[in-house]
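File shown here: my_file-v3.cif, holding mmCIF, C-alpha atoms.
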```
data_entry
loop_
_atom_site.label_atom_id
_atom_site.label_comp_id
_atom_site.auth_asym_id
_atom_site.auth_seq_id
_atom_site.Cartn_x
_atom_site.Cartn_y
_atom_site.Cartn_z
CA MET E 576 -26.53 8.13 -2.40
CA THR E 577 -27.62 5.99 -5.29
CA GLU E 578 -30.34 3.40 -4.90
CA ASN E 579 -29.70 -0.31 -5.38
CA ASN E 580 -30.07 -1.52 -8.94
CA LEU E 581 -30.36 -4.93 -10.53
CA ALA E 582 -27.58 -6.46 -12.61
CA ILE E 583 -24.76 -4.25 -11.28
CA ALA E 584 -22.67 -4.09 -8.09
CA ASN E 585 -24.07 -1.73 -5.43
CA ILE E 586 -21.73 -0.55 -2.67
CA PRO E 587 -22.94 1.81 0.09
CA ILE E 588 -21.01 5.08 0.38
CA GLN E 589 -19.03 5.28 3.63
CA GLN E 590 -20.22 7.91 6.11
CA TRP E 591 -17.73 9.85 8.24
CA GLY E 592 -17.42 8.16 11.63
CA GLY E 593 -15.08 7.16 14.45
CA LEU E 594 -11.34 7.33 13.82
CA TYR E 595 -8.35 5.53 15.33
CA ASN E 596 -5.50 7.59 16.70
CA GLN E 597 -2.32 7.81 14.64
CA GLU E 598 -0.52 4.99 16.44
CA GLU E 599 -3.49 2.61 16.28
CA ALA E 600 -4.25 3.40 12.64
CA LEU E 601 -0.83 2.29 11.40
CA ASN E 602 -1.01 -0.91 13.44
CA ILE E 603 -4.51 -1.73 12.17
CA GLY E 604 -4.13 -0.62 8.54
CA THR E 605 -6.91 1.97 8.40
CA ILE E 606 -7.89 5.15 10.23
CA PHE E 607 -11.62 4.25 10.14
CA HIS E 608 -13.36 2.12 12.80
CA ASP E 609 -15.96 1.13 10.21
CA LEU E 610 -13.38 -0.41 7.85
CA ASN E 611 -11.47 -2.50 10.40
CA LYS E 612 -12.36 -6.10 9.51
CA PRO E 613 -9.74 -8.42 11.09
CA PHE E 614 -9.03 -12.05 10.13
CA PHE E 615 -9.24 -14.66 12.89
CA ALA E 616 -5.88 -16.29 12.08
CA ALA E 617 -4.08 -12.99 12.63
CA GLU E 618 -5.88 -11.93 15.78
CA ALA E 619 -3.06 -13.13 18.01
CA VAL E 620 -0.83 -10.46 16.48
CA THR E 621 -1.89 -7.36 18.33
CA GLY E 622 0.44 -5.19 16.34
CA SER E 623 3.38 -3.88 18.29
CA LYS E 624 2.85 -0.36 19.54
CA ASN E 625 5.75 0.84 17.46
CA PRO E 626 6.77 -1.28 14.48
CA ILE E 627 9.81 0.90 13.76
CA ALA E 628 11.44 0.45 17.13
CA PRO E 629 9.63 -2.59 18.56
CA GLU E 630 9.46 -3.67 22.20
CA ALA E 631 11.80 -2.24 24.78
CA GLY E 632 14.52 -2.55 22.16
CA ASN E 633 16.33 0.61 23.12
CA GLN E 634 19.17 -1.22 24.84
CA GLY E 635 22.54 -0.55 23.33
CA LYS E 636 21.19 2.22 21.11
CA SER E 637 22.66 5.67 21.12
CA ASN E 638 20.45 8.58 22.10
CA ILE E 639 20.74 9.90 18.57
CA GLN E 640 19.36 6.67 17.18
CA ILE E 641 16.49 6.59 19.67
CA GLU E 642 15.58 10.16 18.70
CA ARG E 643 15.83 9.38 15.01
CA GLU E 644 13.62 6.31 15.35
CA GLY E 645 11.12 8.36 17.33
CA LEU E 646 10.91 10.96 14.59
CA MET E 647 10.70 8.30 11.86
CA THR E 648 7.88 6.62 13.79
CA ARG E 649 5.87 9.85 13.86
CA ILE E 650 6.51 10.46 10.16
CA THR E 651 5.37 6.93 9.28
CA GLN E 652 2.22 7.24 11.40
CA LEU E 653 1.27 10.67 10.03
CA GLY E 654 2.17 9.66 6.48
CA PHE E 655 -0.14 6.67 6.68
CA TYR E 656 -2.93 8.77 8.18
CA LEU E 657 -2.70 11.04 5.15
CA ASP E 658 -2.56 8.08 2.74
CA ASP E 659 -5.83 6.68 4.05
CA LEU E 660 -7.47 10.10 4.30
CA THR E 661 -6.49 10.88 0.69
CA LEU E 662 -8.38 7.86 -0.64
CA TYR E 663 -11.41 8.81 1.45
CA LEU E 664 -11.34 12.36 0.08
CA ASP E 665 -10.92 11.06 -3.48
CA THR E 666 -14.47 9.75 -3.22
CA HIS E 667 -15.78 12.30 -0.66
CA GLU E 668 -14.32 15.52 -2.06
CA ASN E 669 -16.82 17.76 -0.21
CA ASP E 670 -16.42 16.23 3.24
CA THR E 671 -15.45 19.25 5.36
CA GLN E 672 -14.40 17.19 8.42
CA GLY E 673 -12.06 15.12 6.27
CA ILE E 674 -10.63 18.18 4.55
CA GLN E 675 -10.00 19.98 7.84
CA LEU E 676 -8.27 16.95 9.36
CA TYR E 677 -6.14 16.57 6.22
CA HIS E 678 -4.97 20.17 6.50
CA GLU E 679 -4.07 19.84 10.17
CA ILE E 680 -2.11 16.62 9.78
CA SER E 681 -0.37 17.61 6.56
CA LYS E 682 1.08 20.72 8.23
CA GLU E 683 2.52 18.69 11.09
CA TYR E 684 3.77 16.06 8.63
CA ALA E 685 5.59 18.67 6.55
CA GLU E 686 7.21 20.11 9.69
CA LEU E 687 8.45 16.68 10.86
CA ARG E 688 9.87 15.85 7.42
CA LYS E 689 11.69 19.15 7.44
CA GLN E 690 13.14 18.35 10.89
CA PHE E 691 14.21 14.91 9.72
CA ALA E 692 16.03 16.40 6.72
CA GLN E 693 17.71 19.09 8.83
CA ASN E 694 18.87 16.62 11.50
CA TYR E 695 19.52 13.44 9.51
CA TYR E 696 18.88 13.01 5.78
CA PRO E 697 16.21 13.92 3.20
CA LEU E 698 13.36 11.40 2.85
CA SER E 699 12.55 12.62 -0.64
CA ARG E 700 14.22 14.91 -3.17
CA LEU E 701 11.66 17.55 -2.19
CA CYS E 702 13.34 17.65 1.25
CA ILE E 703 16.82 18.37 -0.13
CA PRO E 704 16.47 22.17 0.27
CA TYR E 705 16.37 21.66 4.06
CA CYS E 706 19.73 19.82 4.02
CA ILE E 707 21.83 22.31 2.14
CA ASN E 708 24.77 23.74 4.04
CA ASP E 709 27.94 25.49 2.93
CA ASN E 710 30.23 22.66 4.00
CA GLU E 711 28.52 20.06 1.86
CA THR E 712 31.05 17.84 0.13
CA ALA E 713 28.82 14.84 -0.67
CA PHE E 714 25.35 14.85 -2.19
CA CYS E 715 22.92 14.40 0.72
CA TRP E 716 20.38 12.35 -1.29
CA GLN E 717 22.62 9.30 -0.92
CA GLU E 718 22.67 9.56 2.87
CA GLY E 719 20.69 7.26 5.16
CA PRO E 720 19.97 3.53 4.85
CA MET E 721 17.90 2.03 2.06
CA PRO E 722 14.39 1.45 3.39
CA TRP E 723 14.35 -2.29 2.67
CA GLU E 724 17.31 -2.87 5.02
CA GLY E 725 14.91 -2.77 7.96
CA ALA E 726 16.85 -0.25 10.01
CA CYS E 727 16.24 3.38 10.71
CA ILE E 728 19.76 4.74 11.15
CA MET C 511 5.98 11.89 -12.58
CA TRP C 512 6.62 10.12 -9.31
CA VAL C 513 8.60 11.24 -6.26
CA TYR C 514 10.42 8.52 -4.35
CA GLU C 515 10.10 8.48 -0.59
CA LYS C 516 13.00 6.82 1.23
CA ARG C 517 10.91 4.89 3.77
CA LEU C 518 8.44 2.01 3.74
CA GLN C 519 4.74 2.75 4.16
CA TYR C 520 4.77 0.06 6.88
CA PRO C 521 8.15 -0.90 8.37
CA VAL C 522 9.62 -4.38 7.90
CA LYS C 523 12.15 -5.75 10.37
CA ILE C 524 12.60 -9.50 9.98
CA THR C 525 15.39 -10.97 12.04
CA LYS C 526 15.43 -14.55 10.75
CA CYS C 527 16.42 -16.22 7.52
CA CYS C 528 13.59 -18.34 6.08
CA PRO C 529 13.73 -18.99 2.34
CA LYS C 530 10.62 -21.21 2.56
CA THR C 531 8.50 -18.30 3.81
CA ALA C 532 10.07 -15.97 1.22
CA GLN C 533 8.95 -18.33 -1.54
CA LEU C 534 5.35 -18.06 -0.34
CA ILE C 535 5.33 -14.29 0.17
CA ILE C 536 6.94 -13.63 -3.22
CA SER C 537 3.52 -14.40 -4.73
CA GLN C 538 2.36 -10.99 -3.57
CA TYR C 539 5.23 -9.49 -5.59
CA GLY C 540 4.86 -11.26 -8.94
CA GLY C 541 1.91 -13.61 -8.49
CA PRO C 542 -1.56 -13.47 -10.09
CA ASP C 543 -3.03 -11.26 -7.35
CA GLY C 544 0.18 -9.57 -6.30
CA GLU C 545 0.96 -5.92 -5.69
CA LEU C 546 2.81 -5.43 -8.99
CA SER C 547 -0.21 -6.70 -10.87
CA ALA C 548 -2.47 -4.45 -8.79
CA SER C 549 -0.40 -1.35 -9.41
CA MET C 550 -0.11 -1.93 -13.16
CA ARG C 551 -3.84 -2.69 -13.40
CA TYR C 552 -4.89 0.63 -11.86
CA LEU C 553 -2.18 2.74 -13.46
CA SER C 554 -3.12 1.29 -16.88
CA GLN C 555 -6.86 1.74 -16.51
CA ARG C 556 -6.79 5.38 -15.38
CA TYR C 557 -6.03 7.13 -18.69
CA THR C 558 -9.40 6.47 -20.30
CA MET C 559 -11.63 6.70 -17.20
CA PRO C 560 -14.60 8.94 -18.09
CA VAL C 561 -15.05 10.32 -14.55
CA LYS C 562 -12.06 12.44 -13.60
CA GLU C 563 -12.23 11.67 -9.86
CA VAL C 564 -12.09 7.95 -10.63
CA GLY C 565 -8.89 8.50 -12.63
CA GLY C 566 -7.54 10.33 -9.58
CA LEU C 567 -8.45 7.45 -7.26
CA LEU C 568 -6.83 4.91 -9.60
CA THR C 569 -3.65 7.01 -9.57
CA ASP C 570 -3.57 7.17 -5.77
CA ILE C 571 -4.35 3.49 -5.20
CA GLY C 572 -1.97 2.46 -8.02
CA THR C 573 0.74 4.49 -6.29
CA GLU C 574 0.00 2.93 -2.91
CA GLU C 575 0.26 -0.52 -4.52
CA LEU C 576 3.82 0.35 -5.60
CA ALA C 577 4.59 1.05 -1.94
CA HIS C 578 3.05 -2.33 -1.06
CA MET C 579 5.24 -4.01 -3.67
CA GLU C 580 8.22 -2.45 -1.91
CA ILE C 581 7.05 -3.81 1.47
CA ILE C 582 6.69 -7.33 0.01
CA CYS C 583 10.09 -7.11 -1.67
CA ALA C 584 11.68 -5.91 1.58
CA MET C 585 10.20 -8.97 3.32
CA VAL C 586 11.50 -11.41 0.69
CA TYR C 587 14.89 -9.69 0.70
CA GLN C 588 15.25 -9.81 4.49
CA LEU C 589 14.14 -13.45 4.63
CA THR C 590 16.77 -14.56 2.10
CA LYS C 591 19.69 -12.11 2.23
CA ASN C 592 21.88 -14.36 4.42
CA VAL C 593 20.75 -17.72 3.03
CA THR C 594 23.32 -20.51 2.90
CA ILE C 595 23.47 -23.18 0.20
CA GLU C 596 22.40 -25.79 2.77
CA GLN C 597 19.35 -23.74 3.82
CA ALA C 598 18.45 -23.12 0.18
CA LYS C 599 18.53 -26.85 -0.60
CA GLU C 600 16.60 -27.79 2.48
CA ALA C 601 13.84 -25.21 1.88
CA GLY C 602 13.47 -25.95 -1.83
CA PHE C 603 14.85 -22.47 -2.56
CA ASP C 604 17.62 -24.01 -4.68
CA ALA C 605 15.80 -23.71 -8.02
CA TYR C 606 15.13 -20.00 -7.48
CA TYR C 607 18.73 -19.56 -6.33
CA ILE C 608 20.10 -21.05 -9.57
CA ASP C 609 18.29 -18.45 -11.71
CA HIS C 610 18.35 -15.38 -9.46
CA THR C 611 20.80 -16.02 -6.57
CA THR C 612 19.21 -13.86 -3.83
CA ALA C 613 17.98 -11.11 -6.15
CA LEU C 614 14.31 -10.15 -6.36
CA TRP C 615 12.40 -11.36 -9.42
CA PRO C 616 8.63 -11.14 -9.82
CA GLN C 617 7.10 -14.62 -9.79
CA ALA C 618 4.23 -16.48 -8.14
CA ALA C 619 4.65 -18.87 -5.22
CA SER C 620 4.26 -21.62 -7.80
CA SER C 621 7.25 -20.04 -9.68
CA VAL C 622 5.12 -18.91 -12.65
CA PRO C 623 6.69 -15.63 -13.86
CA PHE C 624 4.87 -12.31 -13.57
CA THR C 625 2.67 -11.62 -16.56
CA SER C 626 0.30 -8.80 -17.51
CA LEU C 627 -2.20 -11.54 -18.44
CA GLU C 628 -3.09 -11.57 -14.75
CA PHE C 629 -4.93 -8.26 -14.94
CA GLN C 630 -7.28 -6.40 -17.25
CA SER C 631 -7.60 -2.95 -18.67
CA LYS C 632 -10.79 -3.35 -20.67
CA GLY C 633 -11.76 0.20 -21.62
CA ASP C 634 -15.21 0.16 -20.02
CA ALA C 635 -15.50 1.93 -16.68
CA ILE C 636 -18.08 -0.46 -15.17
CA THR C 637 -16.14 -3.52 -16.33
CA ASP C 638 -12.80 -2.23 -15.03
CA LEU C 639 -14.14 -1.08 -11.66
CA THR C 640 -15.86 -4.45 -11.20
CA GLU C 641 -12.54 -6.14 -12.04
CA ASN C 642 -10.88 -4.00 -9.36
CA LEU C 643 -13.44 -5.01 -6.72
CA ALA C 644 -12.65 -8.65 -7.47
CA ALA C 645 -8.90 -7.98 -7.56
CA GLU C 646 -8.92 -6.53 -4.04
CA GLN C 647 -10.84 -9.58 -2.80
CA LYS C 648 -8.41 -11.99 -4.50
CA ALA C 649 -5.45 -10.22 -2.90
CA ARG C 650 -7.20 -10.35 0.49
CA THR C 651 -7.67 -14.12 0.12
CA VAL C 652 -3.96 -14.55 -0.60
CA TYR C 653 -3.11 -12.54 2.54
CA ASP C 654 -5.57 -14.71 4.51
CA ASN C 655 -3.82 -17.82 3.19
CA LEU C 656 -0.38 -16.42 4.05
CA LEU C 657 -1.51 -15.45 7.56
CA ARG C 658 -2.81 -18.98 8.19
CA MET C 659 0.44 -20.51 6.97
CA ILE C 660 2.92 -18.16 8.69
CA PRO C 661 2.55 -17.81 12.48
CA ASP C 662 5.62 -15.61 13.08
CA PRO C 663 4.55 -12.18 14.49
CA GLU C 664 7.32 -10.17 12.83
CA ILE C 665 6.13 -11.50 9.46
CA GLN C 666 2.41 -11.44 10.28
CA GLU C 667 2.38 -7.75 11.23
CA PRO C 668 3.15 -6.31 7.79
CA LEU C 669 0.95 -8.96 6.12
CA LYS C 670 -1.93 -7.99 8.38
CA PHE C 671 -1.45 -4.33 7.48
CA LEU C 672 -1.44 -5.14 3.75
CA ARG C 673 -4.58 -7.27 4.11
CA ALA C 674 -6.38 -4.39 5.81
CA ARG C 675 -5.54 -2.13 2.86
CA GLU C 676 -7.28 -4.51 0.42
CA ILE C 677 -10.55 -4.02 2.32
CA VAL C 678 -10.21 -0.22 2.29
CA HIS C 679 -9.43 -0.24 -1.44
CA PHE C 680 -12.47 -2.43 -2.10
CA GLN C 681 -14.67 0.18 -0.42
CA ARG C 682 -13.11 3.01 -2.45
CA PHE C 683 -13.55 1.19 -5.76
CA GLY C 684 -17.16 0.55 -4.80
CA GLU C 685 -17.62 4.28 -4.21
CA ALA C 686 -15.91 4.99 -7.54
CA LEU C 687 -18.38 2.66 -9.24
CA GLU C 688 -21.27 4.53 -7.57
CA LYS C 689 -19.82 7.84 -8.80
CA THR C 690 -19.72 6.46 -12.32
CA LYS C 691 -23.27 5.10 -12.07
CA GLU C 692 -24.54 8.51 -10.94
CA LYS C 693 -23.60 9.86 -14.35
CA LEU C 694 -25.44 7.10 -16.22
CA ASP C 695 -29.10 6.25 -16.70
CA SER C 696 -30.04 3.88 -13.86
CA ARG C 697 -32.73 2.24 -16.03
CA ASN C 698 -29.95 0.80 -18.20
CA PHE C 699 -26.28 1.28 -17.25
CA TYR C 700 -25.25 -0.70 -20.30
CA TYR C 701 -26.87 1.28 -23.13
CA PHE C 702 -23.43 2.55 -24.24
CA ASN C 703 -19.81 2.42 -23.08
CA PRO C 704 -19.04 5.70 -21.25
CA GLU C 705 -15.35 5.24 -21.95
CA PHE C 706 -15.78 4.90 -25.73
CA ASP C 707 -19.12 6.45 -26.69
CA LYS C 708 -17.99 9.82 -25.38
CA GLN C 709 -20.62 11.81 -27.24
CA MET C 710 -23.46 9.86 -25.66
CA PHE C 711 -21.83 10.08 -22.22
CA GLN C 712 -21.39 13.85 -22.44
CA ASN C 713 -25.03 14.26 -23.46
CA LYS C 714 -25.96 12.66 -20.18
CA LEU C 715 -24.18 15.31 -18.09
#
```
What do you get writing this file as structure tokens?
Amino acid sequence: MTENNLAIANIPIQQWGGLYNQEEALNIGTIFHDLNKPFFAAEAVTGSKNPIAPEAGNQGKSNIQIEREGLMTRITQLGFYLDDLTLYLDTHENDTQGIQLYHEISKEYAELRKQFAQNYYPLSRLCIPYCINDNETAFCWQEGPMPWEGACI
Amino acid sequence: MWVYEKRLQYPVKITKCCPKTAQLIISQYGGPDGELSASMRYLSQRYTMPVKEVGGLLTDIGTEELAHMEIICAMVYQLTKNVTIEQAKEAGFDAYYIDHTTALWPQAASSVPFTSLEFQSKGDAITDLTENLAAEQKARTVYDNLLRMIPDPEIQEPLKFLRAREIVHFQRFGEALEKTKEKLDSRNFYYFNPEFDKQMFQNKL
């Protein structure tokens, strides 16, 4: 850790500490307890437990859609966990706890993305190999809704 | 090379039409402290960064900012996709409508178009990282202002998430600055420019 110096910005290096679980982290916007600094005007918004399929909004949905939303929720939560962990490791490249956690979550994340491609559609072109079947008549990359439409179907 | 991921980093599901709110939020697309500006700032600065890990961090944060731009655009799109002419007139969305209909176009809330003049790529690692610390704070202030102005939970949730990211990025840029300082002489960080006076910088290693 560098000492404080005059005439330049000095920022303390973050130490590894308490972490939110995957569901909390996405709702809060960071995995780290130490970096959660809320704003008073937004405190009323507790963050719905599941922003992909909010509330008890499962009425009128098919089982397939409920399952798909469940899988997409997990992928979004794990994906964000890895996003935040990546930035931490960019500046803490020798942090063994961070590296170990990254490895664990990235394996699960890869497995869920594979499942999503096999059952529904590929989330990225890297997932296309999991979608290939002999009866394919349309290119699978165009399947699924555009993400800005707000639906997960 | 980038790989597109067909999902938002944080989901957006807005059920109402509100062109007034869209006109405020669009500032974080094309405004002075918006996500487009943030992404282009970091992705421009990274090439000449003297510390490799800092170039890596700029790439990762610059990429995340592209995902944030997509979240903001999704919000503006969902708030305006079913707008009627009457609603557009009433909300003052009519001027935007004349030029862009309901398409997305990067501009500030004040309707000033997006411009690269809003960010810097100065070619001095200390200068650029200090700019980035300020940039994250400016973006946080805009999210604070939006959160005060917009009480609706389904709009506040993604804004709150994006605000939280600004604070995390600030911390990371601070750590990147410390990493850069470690490779310089702490008695005078300004004796030469590590990004340009490469010979002098390498002698320090």
Convert the output of the PyMOL selection byres ((chain E) within 7 of (chain C)) on the shown file into explicit residues, formatted as a PDB file with C-alpha atoms, keeping the file's coordinate frame.
```pdb
ATOM      1  CA  THR E 577     -27.620   5.990  -5.290  1.00  0.00           C
ATOM      2  CA  ILE E 586     -21.730  -0.550  -2.670  1.00  0.00           C
ATOM      3  CA  ILE E 588     -21.010   5.080   0.380  1.00  0.00           C
ATOM      4  CA  ASN E 602      -1.010  -0.910  13.440  1.00  0.00           C
ATOM      5  CA  ILE E 603      -4.510  -1.730  12.170  1.00  0.00           C
ATOM      6  CA  GLY E 604      -4.130  -0.620   8.540  1.00  0.00           C
ATOM      7  CA  THR E 605      -6.910   1.970   8.400  1.00  0.00           C
ATOM      8  CA  LEU E 610     -13.380  -0.410   7.850  1.00  0.00           C
ATOM      9  CA  ALA E 616      -5.880 -16.290  12.080  1.00  0.00           C
ATOM     10  CA  ALA E 617      -4.080 -12.990  12.630  1.00  0.00           C
ATOM     11  CA  VAL E 620      -0.830 -10.460  16.480  1.00  0.00           C
ATOM     12  CA  GLY E 622       0.440  -5.190  16.340  1.00  0.00           C
ATOM     13  CA  PRO E 626       6.770  -1.280  14.480  1.00  0.00           C
ATOM     14  CA  ILE E 627       9.810   0.900  13.760  1.00  0.00           C
ATOM     15  CA  THR E 651       5.370   6.930   9.280  1.00  0.00           C
ATOM     16  CA  PHE E 655      -0.140   6.670   6.680  1.00  0.00           C
ATOM     17  CA  LEU E 662      -8.380   7.860  -0.640  1.00  0.00           C
ATOM     18  CA  ASP E 665     -10.920  11.060  -3.480  1.00  0.00           C
ATOM     19  CA  THR E 666     -14.470   9.750  -3.220  1.00  0.00           C
ATOM     20  CA  LEU E 698      13.360  11.400   2.850  1.00  0.00           C
ATOM     21  CA  SER E 699      12.550  12.620  -0.640  1.00  0.00           C
ATOM     22  CA  MET E 721      17.900   2.030   2.060  1.00  0.00           C
ATOM     23  CA  PRO E 722      14.390   1.450   3.390  1.00  0.00           C
ATOM     24  CA  TRP E 723      14.350  -2.290   2.670  1.00  0.00           C
ATOM     25  CA  GLY E 725      14.910  -2.770   7.960  1.00  0.00           C
TER      26      GLY E 725
END
```
(request) One decimal, Å: what's the distance from atom CA of E:Ala600 over to atom CA of E:Gln652, could you say? (result)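 Atom-to-atom, atom CA of E:Ala600 to atom CA of E:Gln652, that is 7.6 Å.
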(request) Might you spell out which residues the PyMOL selection byres ((chain E and resi 592) around 8) would select in the displayed file, as a VMD selection string? (result) chain E and resid 590 to 591 593 to 594 607 to 609
(request) Skip stretch 592-605 of chain C itself and residues of its chain fewer than 5 positions away, then list as a list in words all residues within 7 Å of it, counting only C-alpha atoms. (result)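 Neighbouring residues, sequence-local ones excluded: Cys527, Pro529 and Lys530 of chain C.
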(request) Given the file shown, enumerate the residues that the PyMOL selection byres ((chain C and resi 542) around 10) captures and present them as a VMD selection string. (result) chain C and resid 537 to 541 543 to 548 617 to 619 622 to 629 645 648 to 649 652
(message) Just to confirm, what's the straight-line distance from atom CA of E:Asn694 to atom CA of E:Ile707 in Å (one decimal)?
(response)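 According to the coordinates, atom CA of E:Asn694 and atom CA of E:Ile707 are separated by 11.3 Å.
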(request) Provide the atom CA of E:Thr648 to atom CA of E:Glu598 distance in Å, to one decimal place. (result)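 Between these atoms lies a distance of 9.0 Å.
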